[in-house]
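To be precise, the following lines are final.cif, and they hold mmCIF, C-alpha atoms.
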```cif
data_target
#
loop_
_atom_site.label_atom_id
_atom_site.label_comp_id
_atom_site.auth_asym_id
_atom_site.auth_seq_id
_atom_site.Cartn_x
_atom_site.Cartn_y
_atom_site.Cartn_z
CA MET A 1 57.09 64.16 41.80
CA LYS A 2 60.64 62.99 41.22
CA PHE A 3 63.38 65.24 39.93
CA ILE A 4 66.38 64.02 38.01
CA TYR A 5 69.51 66.15 38.06
CA VAL A 6 71.90 65.72 35.14
CA VAL A 7 75.51 66.86 35.57
CA SER A 8 77.82 66.95 32.59
CA ALA A 9 81.20 65.23 32.80
CA GLN A 10 82.98 68.61 32.57
CA ARG A 11 80.85 70.09 35.37
CA LEU A 12 81.43 67.00 37.52
CA LYS A 13 85.17 67.37 37.02
CA GLN A 14 85.01 71.01 38.14
CA ILE A 15 83.05 70.05 41.26
CA LEU A 16 85.54 67.34 42.16
CA ILE A 17 88.50 69.70 41.71
CA ILE A 18 86.88 72.31 43.97
CA ALA A 19 86.07 69.68 46.60
CA ALA A 20 89.63 68.36 46.53
CA ALA A 21 91.00 71.88 46.95
CA ILE A 22 88.76 72.48 49.97
CA LEU A 23 89.85 69.21 51.57
CA LEU A 24 93.53 69.97 50.88
CA THR A 25 93.24 73.43 52.43
CA ALA A 26 91.53 72.00 55.49
CA GLY A 27 94.18 69.31 55.80
CA ILE A 28 97.02 71.83 55.63
CA GLY A 29 95.32 73.99 58.22
CA TYR A 30 94.93 71.01 60.53
CA ALA A 31 98.51 69.83 60.04
CA GLU A 32 99.90 73.30 60.71
CA ARG A 33 97.62 74.17 63.62
CA ASP A 34 100.46 73.83 66.14
CA THR A 35 102.72 76.09 64.11
CA ILE A 36 100.02 78.70 63.78
CA ALA A 37 99.34 78.59 67.50
CA ALA A 38 102.97 78.58 68.51
CA PHE A 39 104.39 81.23 66.21
CA SER A 40 102.91 84.62 65.61
CA SER A 41 104.06 88.14 64.84
CA ASN A 42 105.15 90.26 67.76
CA SER A 43 101.90 92.10 68.47
CA ASN A 44 100.58 93.11 71.86
CA LYS A 45 97.09 92.36 70.59
CA GLN A 46 97.95 88.68 70.67
CA GLY A 47 98.93 88.59 74.29
CA PRO A 48 102.29 88.21 76.03
CA GLN A 49 105.04 86.65 73.97
CA ALA A 50 108.65 85.52 74.18
CA ILE A 51 111.01 85.80 71.24
CA TYR A 52 112.63 82.59 70.01
CA LYS A 53 113.96 83.52 66.56
CA VAL A 54 113.53 85.95 63.69
CA ASP A 55 111.98 85.18 60.32
CA THR A 56 114.61 86.34 57.83
CA LYS A 57 116.52 85.03 54.85
CA ASP A 58 119.57 87.07 55.82
CA LYS A 59 122.32 84.96 57.31
CA LYS A 60 122.35 86.74 60.64
CA ILE A 61 122.63 84.87 63.92
CA ALA A 62 122.76 85.90 67.57
CA LEU A 63 125.04 84.09 69.99
CA THR A 64 123.75 84.47 73.56
CA PHE A 65 125.40 83.51 76.83
CA ASP A 66 123.74 83.12 80.22
CA ILE A 67 125.85 83.76 83.33
CA SER A 68 124.52 83.09 86.83
CA TRP A 69 127.40 81.59 88.80
CA GLY A 70 131.10 80.80 88.80
CA GLU A 71 134.24 82.69 87.93
CA THR A 72 136.34 80.46 85.68
CA ARG A 73 134.47 80.30 82.36
CA ALA A 74 133.37 83.84 81.55
CA LEU A 75 136.82 85.28 80.84
CA PRO A 76 137.96 82.45 78.52
CA ILE A 77 134.75 82.89 76.52
CA LEU A 78 135.26 86.65 76.34
CA ASP A 79 138.82 86.01 75.18
CA VAL A 80 137.58 83.74 72.37
CA LEU A 81 135.03 86.31 71.21
CA LYS A 82 137.73 88.97 71.14
CA GLU A 83 140.30 86.78 69.39
CA LYS A 84 137.70 85.83 66.76
CA ASN A 85 136.65 89.46 66.35
CA VAL A 86 133.08 88.76 67.41
CA ASN A 87 132.12 92.05 69.00
CA LYS A 88 128.40 91.47 68.68
CA ALA A 89 126.89 88.94 71.07
CA THR A 90 124.40 89.17 73.94
CA LEU A 91 125.19 88.16 77.51
CA PHE A 92 122.38 87.72 80.02
CA LEU A 93 123.75 88.43 83.49
CA SER A 94 122.18 87.62 86.83
CA SER A 95 122.53 90.57 89.19
CA PRO A 96 124.07 88.70 92.18
CA TRP A 97 126.78 87.30 89.90
CA SER A 98 127.36 90.77 88.47
CA GLN A 99 127.81 92.23 91.95
CA ARG A 100 130.36 89.54 92.80
CA HIS A 101 132.29 90.08 89.55
CA PRO A 102 132.23 93.78 88.68
CA GLU A 103 135.54 93.50 86.84
CA ILE A 104 134.10 90.95 84.41
CA VAL A 105 130.98 93.07 83.88
CA LYS A 106 133.31 95.99 83.11
CA ARG A 107 135.20 93.83 80.60
CA ILE A 108 131.94 92.82 78.90
CA LYS A 109 130.96 96.47 78.61
CA GLU A 110 134.39 97.53 77.33
CA ASP A 111 134.29 94.79 74.70
CA GLY A 112 131.09 96.35 73.36
CA LEU A 113 128.94 93.28 73.93
CA GLU A 114 125.24 93.60 74.64
CA ILE A 115 124.10 93.04 78.22
CA GLY A 116 120.66 91.69 79.06
CA SER A 117 119.15 90.78 82.41
CA HIS A 118 119.01 87.23 83.72
CA GLY A 119 116.98 88.29 86.74
CA HIS A 120 117.99 88.33 90.38
CA LYS A 121 117.38 84.98 92.06
CA HIS A 122 118.13 82.10 89.70
CA ASP A 123 114.79 80.41 90.24
CA ASN A 124 111.53 79.61 88.44
CA TYR A 125 109.58 82.86 88.60
CA SER A 126 106.35 81.25 87.46
CA LYS A 127 105.88 79.90 90.99
CA TYR A 128 106.16 83.40 92.49
CA THR A 129 103.39 85.89 93.24
CA ASP A 130 103.03 88.88 90.95
CA GLU A 131 104.74 91.11 93.48
CA GLU A 132 107.65 88.69 93.92
CA ILE A 133 108.13 88.48 90.15
CA ARG A 134 108.17 92.26 89.94
CA THR A 135 110.67 92.47 92.78
CA GLN A 136 113.08 90.00 91.17
CA ILE A 137 113.02 91.78 87.80
CA THR A 138 113.27 95.32 89.18
CA LYS A 139 116.03 94.43 91.63
CA ALA A 140 118.15 93.03 88.81
CA ASP A 141 117.23 96.04 86.68
CA SER A 142 118.46 98.48 89.32
CA ILE A 143 121.75 96.64 89.90
CA LEU A 144 122.61 96.15 86.23
CA THR A 145 121.68 99.71 85.33
CA GLU A 146 123.92 101.04 88.09
CA MET A 147 126.82 98.80 87.12
CA THR A 148 126.67 99.31 83.36
CA GLY A 149 125.24 102.82 83.13
CA LYS A 150 122.52 101.54 80.81
CA LYS A 151 119.12 100.06 81.55
CA PRO A 152 118.79 96.57 80.05
CA THR A 153 115.75 96.00 77.85
CA LEU A 154 116.17 92.28 77.17
CA LEU A 155 115.36 89.64 79.76
CA ARG A 156 116.01 85.93 79.76
CA MET A 157 114.23 84.21 82.58
CA PRO A 158 116.29 81.94 84.85
CA ASN A 159 116.00 78.34 83.61
CA GLY A 160 113.98 79.68 80.68
CA ASP A 161 110.93 79.39 82.94
CA PHE A 162 107.94 81.69 82.55
CA ASP A 163 104.18 81.81 82.20
CA LYS A 164 101.68 84.40 81.02
CA ARG A 165 101.93 86.37 84.27
CA VAL A 166 105.71 86.59 84.08
CA LEU A 167 105.58 87.81 80.48
CA GLU A 168 102.92 90.39 81.24
CA ILE A 169 104.84 91.79 84.21
CA ALA A 170 108.12 91.84 82.27
CA ASN A 171 106.41 93.64 79.42
CA ARG A 172 104.94 96.27 81.72
CA LEU A 173 108.43 96.84 83.14
CA GLY A 174 109.75 97.56 79.66
CA TYR A 175 111.39 94.21 78.97
CA THR A 176 111.37 91.91 75.97
CA VAL A 177 111.66 88.27 77.06
CA VAL A 178 114.16 86.37 74.91
CA GLN A 179 114.37 82.60 74.62
CA TRP A 180 116.26 80.63 71.96
CA ASP A 181 115.68 78.35 69.01
CA THR A 182 118.98 76.47 69.10
CA ASP A 183 120.18 75.00 72.38
CA SER A 184 123.86 74.06 72.62
CA LYS A 185 123.06 72.05 75.76
CA ASP A 186 126.49 73.00 77.03
CA TRP A 187 125.11 73.26 80.56
CA ILE A 188 124.86 69.45 80.84
CA GLU A 189 128.66 69.33 80.40
CA PRO A 190 129.02 67.51 77.07
CA LYS A 191 132.32 67.36 75.22
CA LYS A 192 133.17 70.20 72.84
CA ASP A 193 132.37 68.15 69.72
CA VAL A 194 128.84 67.56 70.99
CA ILE A 195 128.36 71.26 71.69
CA VAL A 196 129.58 72.09 68.18
CA GLN A 197 127.21 69.54 66.64
CA ASN A 198 124.26 70.74 68.74
CA VAL A 199 124.71 74.25 67.37
CA LEU A 200 125.75 73.66 63.77
CA SER A 201 123.08 71.04 63.11
CA LYS A 202 120.29 73.50 63.91
CA ALA A 203 121.70 76.97 63.18
CA HIS A 204 119.69 78.95 60.63
CA PRO A 205 119.15 82.55 59.52
CA GLY A 206 117.55 84.59 62.30
CA ASP A 207 118.52 82.05 64.94
CA ILE A 208 119.06 82.82 68.62
CA VAL A 209 121.61 80.36 70.04
CA LEU A 210 121.73 79.46 73.73
CA LEU A 211 125.18 79.09 75.28
CA HIS A 212 126.46 79.55 78.83
CA ALA A 213 129.43 81.24 80.46
CA SER A 214 128.73 79.89 83.93
CA ASP A 215 131.09 77.33 85.41
CA SER A 216 128.78 74.47 84.42
CA ALA A 217 129.74 75.08 80.79
CA LYS A 218 133.14 73.46 81.03
CA GLU A 219 133.94 73.06 77.33
CA THR A 220 132.01 75.94 75.76
CA HIS A 221 135.20 77.98 75.38
CA LEU A 222 136.72 75.06 73.48
CA ALA A 223 133.73 74.59 71.19
CA LEU A 224 133.18 78.29 70.54
CA PRO A 225 136.12 78.89 68.13
CA ILE A 226 134.96 75.99 65.96
CA ILE A 227 131.35 77.21 66.01
CA ILE A 228 132.39 80.73 65.03
CA ASP A 229 134.70 79.57 62.23
CA GLN A 230 132.14 77.16 60.78
CA LEU A 231 129.27 79.64 60.87
CA ARG A 232 131.43 82.28 59.21
CA LYS A 233 132.42 79.74 56.57
CA GLN A 234 128.71 79.27 55.90
CA GLY A 235 128.32 83.02 55.43
CA TYR A 236 126.79 83.99 58.77
CA GLU A 237 127.11 87.43 60.35
CA PHE A 238 127.07 87.68 64.14
CA VAL A 239 124.68 90.27 65.58
CA THR A 240 123.23 91.16 68.96
CA VAL A 241 119.69 90.10 69.83
CA SER A 242 118.57 93.74 69.64
CA GLU A 243 119.99 94.06 66.14
CA LEU A 244 118.46 90.78 65.09
CA ILE A 245 114.93 91.70 66.14
CA ALA A 246 115.03 95.32 64.93
CA GLY A 247 112.73 95.83 61.95
CA THR A 248 112.20 92.14 61.27
CA ASN A 249 109.40 89.60 61.54
CA ILE A 250 109.80 88.11 64.98
CA GLN A 251 108.96 84.48 65.59
CA SER A 252 107.50 84.31 69.06
CA LYS A 253 105.49 81.86 71.12
CA GLU A 254 102.28 83.06 72.64
CA ILE A 255 101.58 81.85 76.15
CA ASN A 256 98.00 81.24 77.21
#
```
Could I get this file's structure written as structure tokens?
Amino acid sequence: MKFIYVVSAQRLKQILIIAAAILLTAGIGYAERDTIAAFSSNSNKQGPQAIYKVDTKDKKIALTFDISWGETRALPILDVLKEKNVNKATLFLSSPWSQRHPEIVKRIKEDGLEIGSHGHKHDNYSKYTDEEIRTQITKADSILTEMTGKKPTLLRMPNGDFDKRVLEIANRLGYTVVQWDTDSKDWIEPKKDVIVQNVLSKAHPGDIVLLHASDSAKETHLALPIIIDQLRKQGYEFVTVSELIAGTNIQSKEIN
């Protein structure tokens, strides 16, 4: 026996609309699969994570500076921050550098800037054993705590290198691993105008900006006044990383 199904034009239209909606939803999900995988809320249930930026509409931005070697660039950068009345920024210090330059560490502390750890050896910790990773982080922790009188809670891995093991160990030691969303690329020694462009072209609310105060960053102190003035002109407020991430939706990358 043959059956003939009759569908009205109105019913057919409804079916087609529903089908199109399903296909559109599936397409969006496929197109955004990388974003969904890469960015998630800061929850321990989702595994170890590193913070790259904060999801906010407020025009708040965190300038961060890594220091691991040299003695000629840190003070000029601190002078610029002071002259521009930027008393909220985060400096990630390697412990050997800090031991060699206690007077600069003291100046950073006196200026009220936030100090985070940049580890001990400036090396890729992902190639180390678990025990070696733990040793590098805790050694830096002990030195920086003794020098500053305050235990650091933020950690930026040397070279920005880490894997799941590194994040898990850092987390167990009480650290939040902080990366960046905007890279000034000042460490490859570009001219100041390039550094300015690298920052201003990508800066956004909730951004964490990577800069350096090591001697490889030869024109950062020249670019910094322009960056500060332009961001202020755009309505940005400078905050520390800790202030930026407090009570906000963190954008972090989960490492498998």
Point (107.4, 94.9, 82.1), cut-off 10 Å, counting only C-alpha atoms, residues as number ranges by chain: A: 134, 137-138, 153, 155, 166-177
Hits of the PyMOL selection byres ((chain A and resi 116) around 10) in this structure, as a list of chain:residue names: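 Applied to this file, the PyMOL selection byres ((chain A and resi 116) around 10) returns A:Thr64, A:Phe65, A:Asp66, A:Thr90, A:Leu91, A:Phe92, A:Leu93, A:Ser94, A:Leu113, A:Glu114, A:Ile115, A:Ser117, A:His118, A:Gly119, A:Asp141, A:Leu144, A:Lys151, A:Pro152, A:Thr153, A:Leu154, A:Leu155, A:Arg156, A:Tyr175, A:Thr176, A:Val177, A:Val178, A:Val241, A:Ser242.
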Between CA of Glu71 (chain A) and CA of Leu211 (chain A) - distance in Å to one decimal: 16.0 Å
Interatomic distance, CA of Gln49 (chain A) to CA of Met157 (chain A) (Å, one decimal): 12.8 Å
Nearest to Arg165 (chain A) by atom-to-atom distance, counting all atoms listed in the file, from A:Asp193, A:Glu83, A:Asp130, A:Asp55: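 With all atoms listed in the file as the atom set, the closest residue is A:Asp130.
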Ground truth for the PyMOL selection byres ((chain A and resi 226) around 12), written as a tab-separated table (two decimals) with C-alpha atoms, in the coordinates of the input:
```tsv
chain	number	residue	atom	x	y	z
A	80	VAL	CA	137.58	83.74	72.37
A	81	LEU	CA	135.03	86.31	71.21
A	84	LYS	CA	137.70	85.83	66.76
A	192	LYS	CA	133.17	70.20	72.84
A	193	ASP	CA	132.37	68.15	69.72
A	194	VAL	CA	128.84	67.56	70.99
A	195	ILE	CA	128.36	71.26	71.69
A	196	VAL	CA	129.58	72.09	68.18
A	197	GLN	CA	127.21	69.54	66.64
A	199	VAL	CA	124.71	74.25	67.37
A	200	LEU	CA	125.75	73.66	63.77
A	219	GLU	CA	133.94	73.06	77.33
A	220	THR	CA	132.01	75.94	75.76
A	221	HIS	CA	135.20	77.98	75.38
A	222	LEU	CA	136.72	75.06	73.48
A	223	ALA	CA	133.73	74.59	71.19
A	224	LEU	CA	133.18	78.29	70.54
A	225	PRO	CA	136.12	78.89	68.13
A	227	ILE	CA	131.35	77.21	66.01
A	228	ILE	CA	132.39	80.73	65.03
A	229	ASP	CA	134.70	79.57	62.23
A	230	GLN	CA	132.14	77.16	60.78
A	231	LEU	CA	129.27	79.64	60.87
A	232	ARG	CA	131.43	82.28	59.21
A	233	LYS	CA	132.42	79.74	56.57
```
d(CA of Asn159 (chain A), CA of Ala74 (chain A)) in Å: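 CA of Asn159 (chain A) sits 18.3 Å away from CA of Ala74 (chain A).
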Mind completing region 120-154 of chain A with N, CA and C atoms? Output as a compact mmCIF listing (two decimals), keeping the file's coordinate frame, please?
```txt
# COMPACT_ATOMS: atom_id res chain seq x y z
N HIS A 120 117.24 88.28 89.12
CA HIS A 120 117.99 88.33 90.38
C HIS A 120 118.18 86.89 90.89
N LYS A 121 117.26 86.38 91.64
CA LYS A 121 117.38 84.98 92.06
C LYS A 121 117.31 84.07 90.84
N HIS A 122 118.17 83.06 90.81
CA HIS A 122 118.13 82.10 89.70
C HIS A 122 117.13 81.00 90.07
N ASP A 123 115.86 81.28 89.81
CA ASP A 123 114.79 80.41 90.24
C ASP A 123 113.66 80.48 89.21
N ASN A 124 112.68 79.60 89.34
CA ASN A 124 111.53 79.61 88.44
C ASN A 124 110.52 80.66 88.90
N TYR A 125 110.43 81.75 88.18
CA TYR A 125 109.58 82.86 88.60
C TYR A 125 108.09 82.56 88.46
N SER A 126 107.76 81.56 87.66
CA SER A 126 106.35 81.25 87.46
C SER A 126 105.67 80.76 88.74
N LYS A 127 106.45 80.36 89.73
CA LYS A 127 105.88 79.90 90.99
C LYS A 127 105.71 81.06 91.99
N TYR A 128 106.21 82.24 91.61
CA TYR A 128 106.16 83.40 92.49
C TYR A 128 104.83 84.15 92.35
N THR A 129 104.54 84.98 93.34
CA THR A 129 103.39 85.89 93.24
C THR A 129 103.75 87.01 92.28
N ASP A 130 102.77 87.77 91.85
CA ASP A 130 103.03 88.88 90.95
C ASP A 130 104.03 89.86 91.56
N GLU A 131 103.87 90.16 92.82
CA GLU A 131 104.74 91.11 93.48
C GLU A 131 106.17 90.58 93.58
N GLU A 132 106.31 89.28 93.84
CA GLU A 132 107.65 88.69 93.92
C GLU A 132 108.33 88.69 92.55
N ILE A 133 107.57 88.44 91.51
CA ILE A 133 108.13 88.48 90.15
C ILE A 133 108.63 89.88 89.85
N ARG A 134 107.81 90.86 90.17
CA ARG A 134 108.17 92.26 89.94
C ARG A 134 109.43 92.64 90.72
N THR A 135 109.51 92.16 91.95
CA THR A 135 110.67 92.47 92.78
C THR A 135 111.96 91.89 92.20
N GLN A 136 111.90 90.64 91.73
CA GLN A 136 113.08 90.00 91.17
C GLN A 136 113.57 90.72 89.91
N ILE A 137 112.64 91.11 89.05
CA ILE A 137 113.02 91.78 87.80
C ILE A 137 113.55 93.18 88.07
N THR A 138 112.87 93.93 88.93
CA THR A 138 113.27 95.32 89.18
C THR A 138 114.57 95.40 89.99
N LYS A 139 114.79 94.43 90.87
CA LYS A 139 116.03 94.43 91.63
C LYS A 139 117.22 94.22 90.70
N ALA A 140 117.09 93.26 89.79
CA ALA A 140 118.15 93.03 88.81
C ALA A 140 118.32 94.26 87.92
N ASP A 141 117.22 94.85 87.53
CA ASP A 141 117.23 96.04 86.68
C ASP A 141 118.05 97.15 87.33
N SER A 142 117.78 97.41 88.60
CA SER A 142 118.46 98.48 89.32
C SER A 142 119.97 98.22 89.42
N ILE A 143 120.33 96.98 89.74
CA ILE A 143 121.75 96.64 89.90
C ILE A 143 122.50 96.72 88.58
N LEU A 144 121.93 96.15 87.52
CA LEU A 144 122.61 96.15 86.23
C LEU A 144 122.70 97.55 85.63
N THR A 145 121.65 98.33 85.83
CA THR A 145 121.68 99.71 85.33
C THR A 145 122.77 100.51 86.02
N GLU A 146 122.89 100.32 87.34
CA GLU A 146 123.92 101.04 88.09
C GLU A 146 125.32 100.61 87.68
N MET A 147 125.50 99.31 87.43
CA MET A 147 126.82 98.80 87.12
C MET A 147 127.26 99.11 85.69
N THR A 148 126.31 99.14 84.77
CA THR A 148 126.67 99.31 83.36
C THR A 148 126.40 100.72 82.84
N GLY A 149 125.60 101.49 83.58
CA GLY A 149 125.24 102.82 83.13
C GLY A 149 124.17 102.83 82.06
N LYS A 150 123.56 101.65 81.83
CA LYS A 150 122.52 101.54 80.81
C LYS A 150 121.46 100.55 81.26
N LYS A 151 120.21 100.95 81.15
CA LYS A 151 119.12 100.06 81.55
C LYS A 151 118.97 98.93 80.53
N PRO A 152 119.00 97.68 80.99
CA PRO A 152 118.79 96.57 80.05
C PRO A 152 117.33 96.52 79.60
N THR A 153 117.12 96.11 78.38
CA THR A 153 115.75 96.00 77.85
C THR A 153 115.40 94.57 77.46
N LEU A 154 116.40 93.69 77.49
CA LEU A 154 116.17 92.28 77.17
C LEU A 154 116.26 91.46 78.45
```
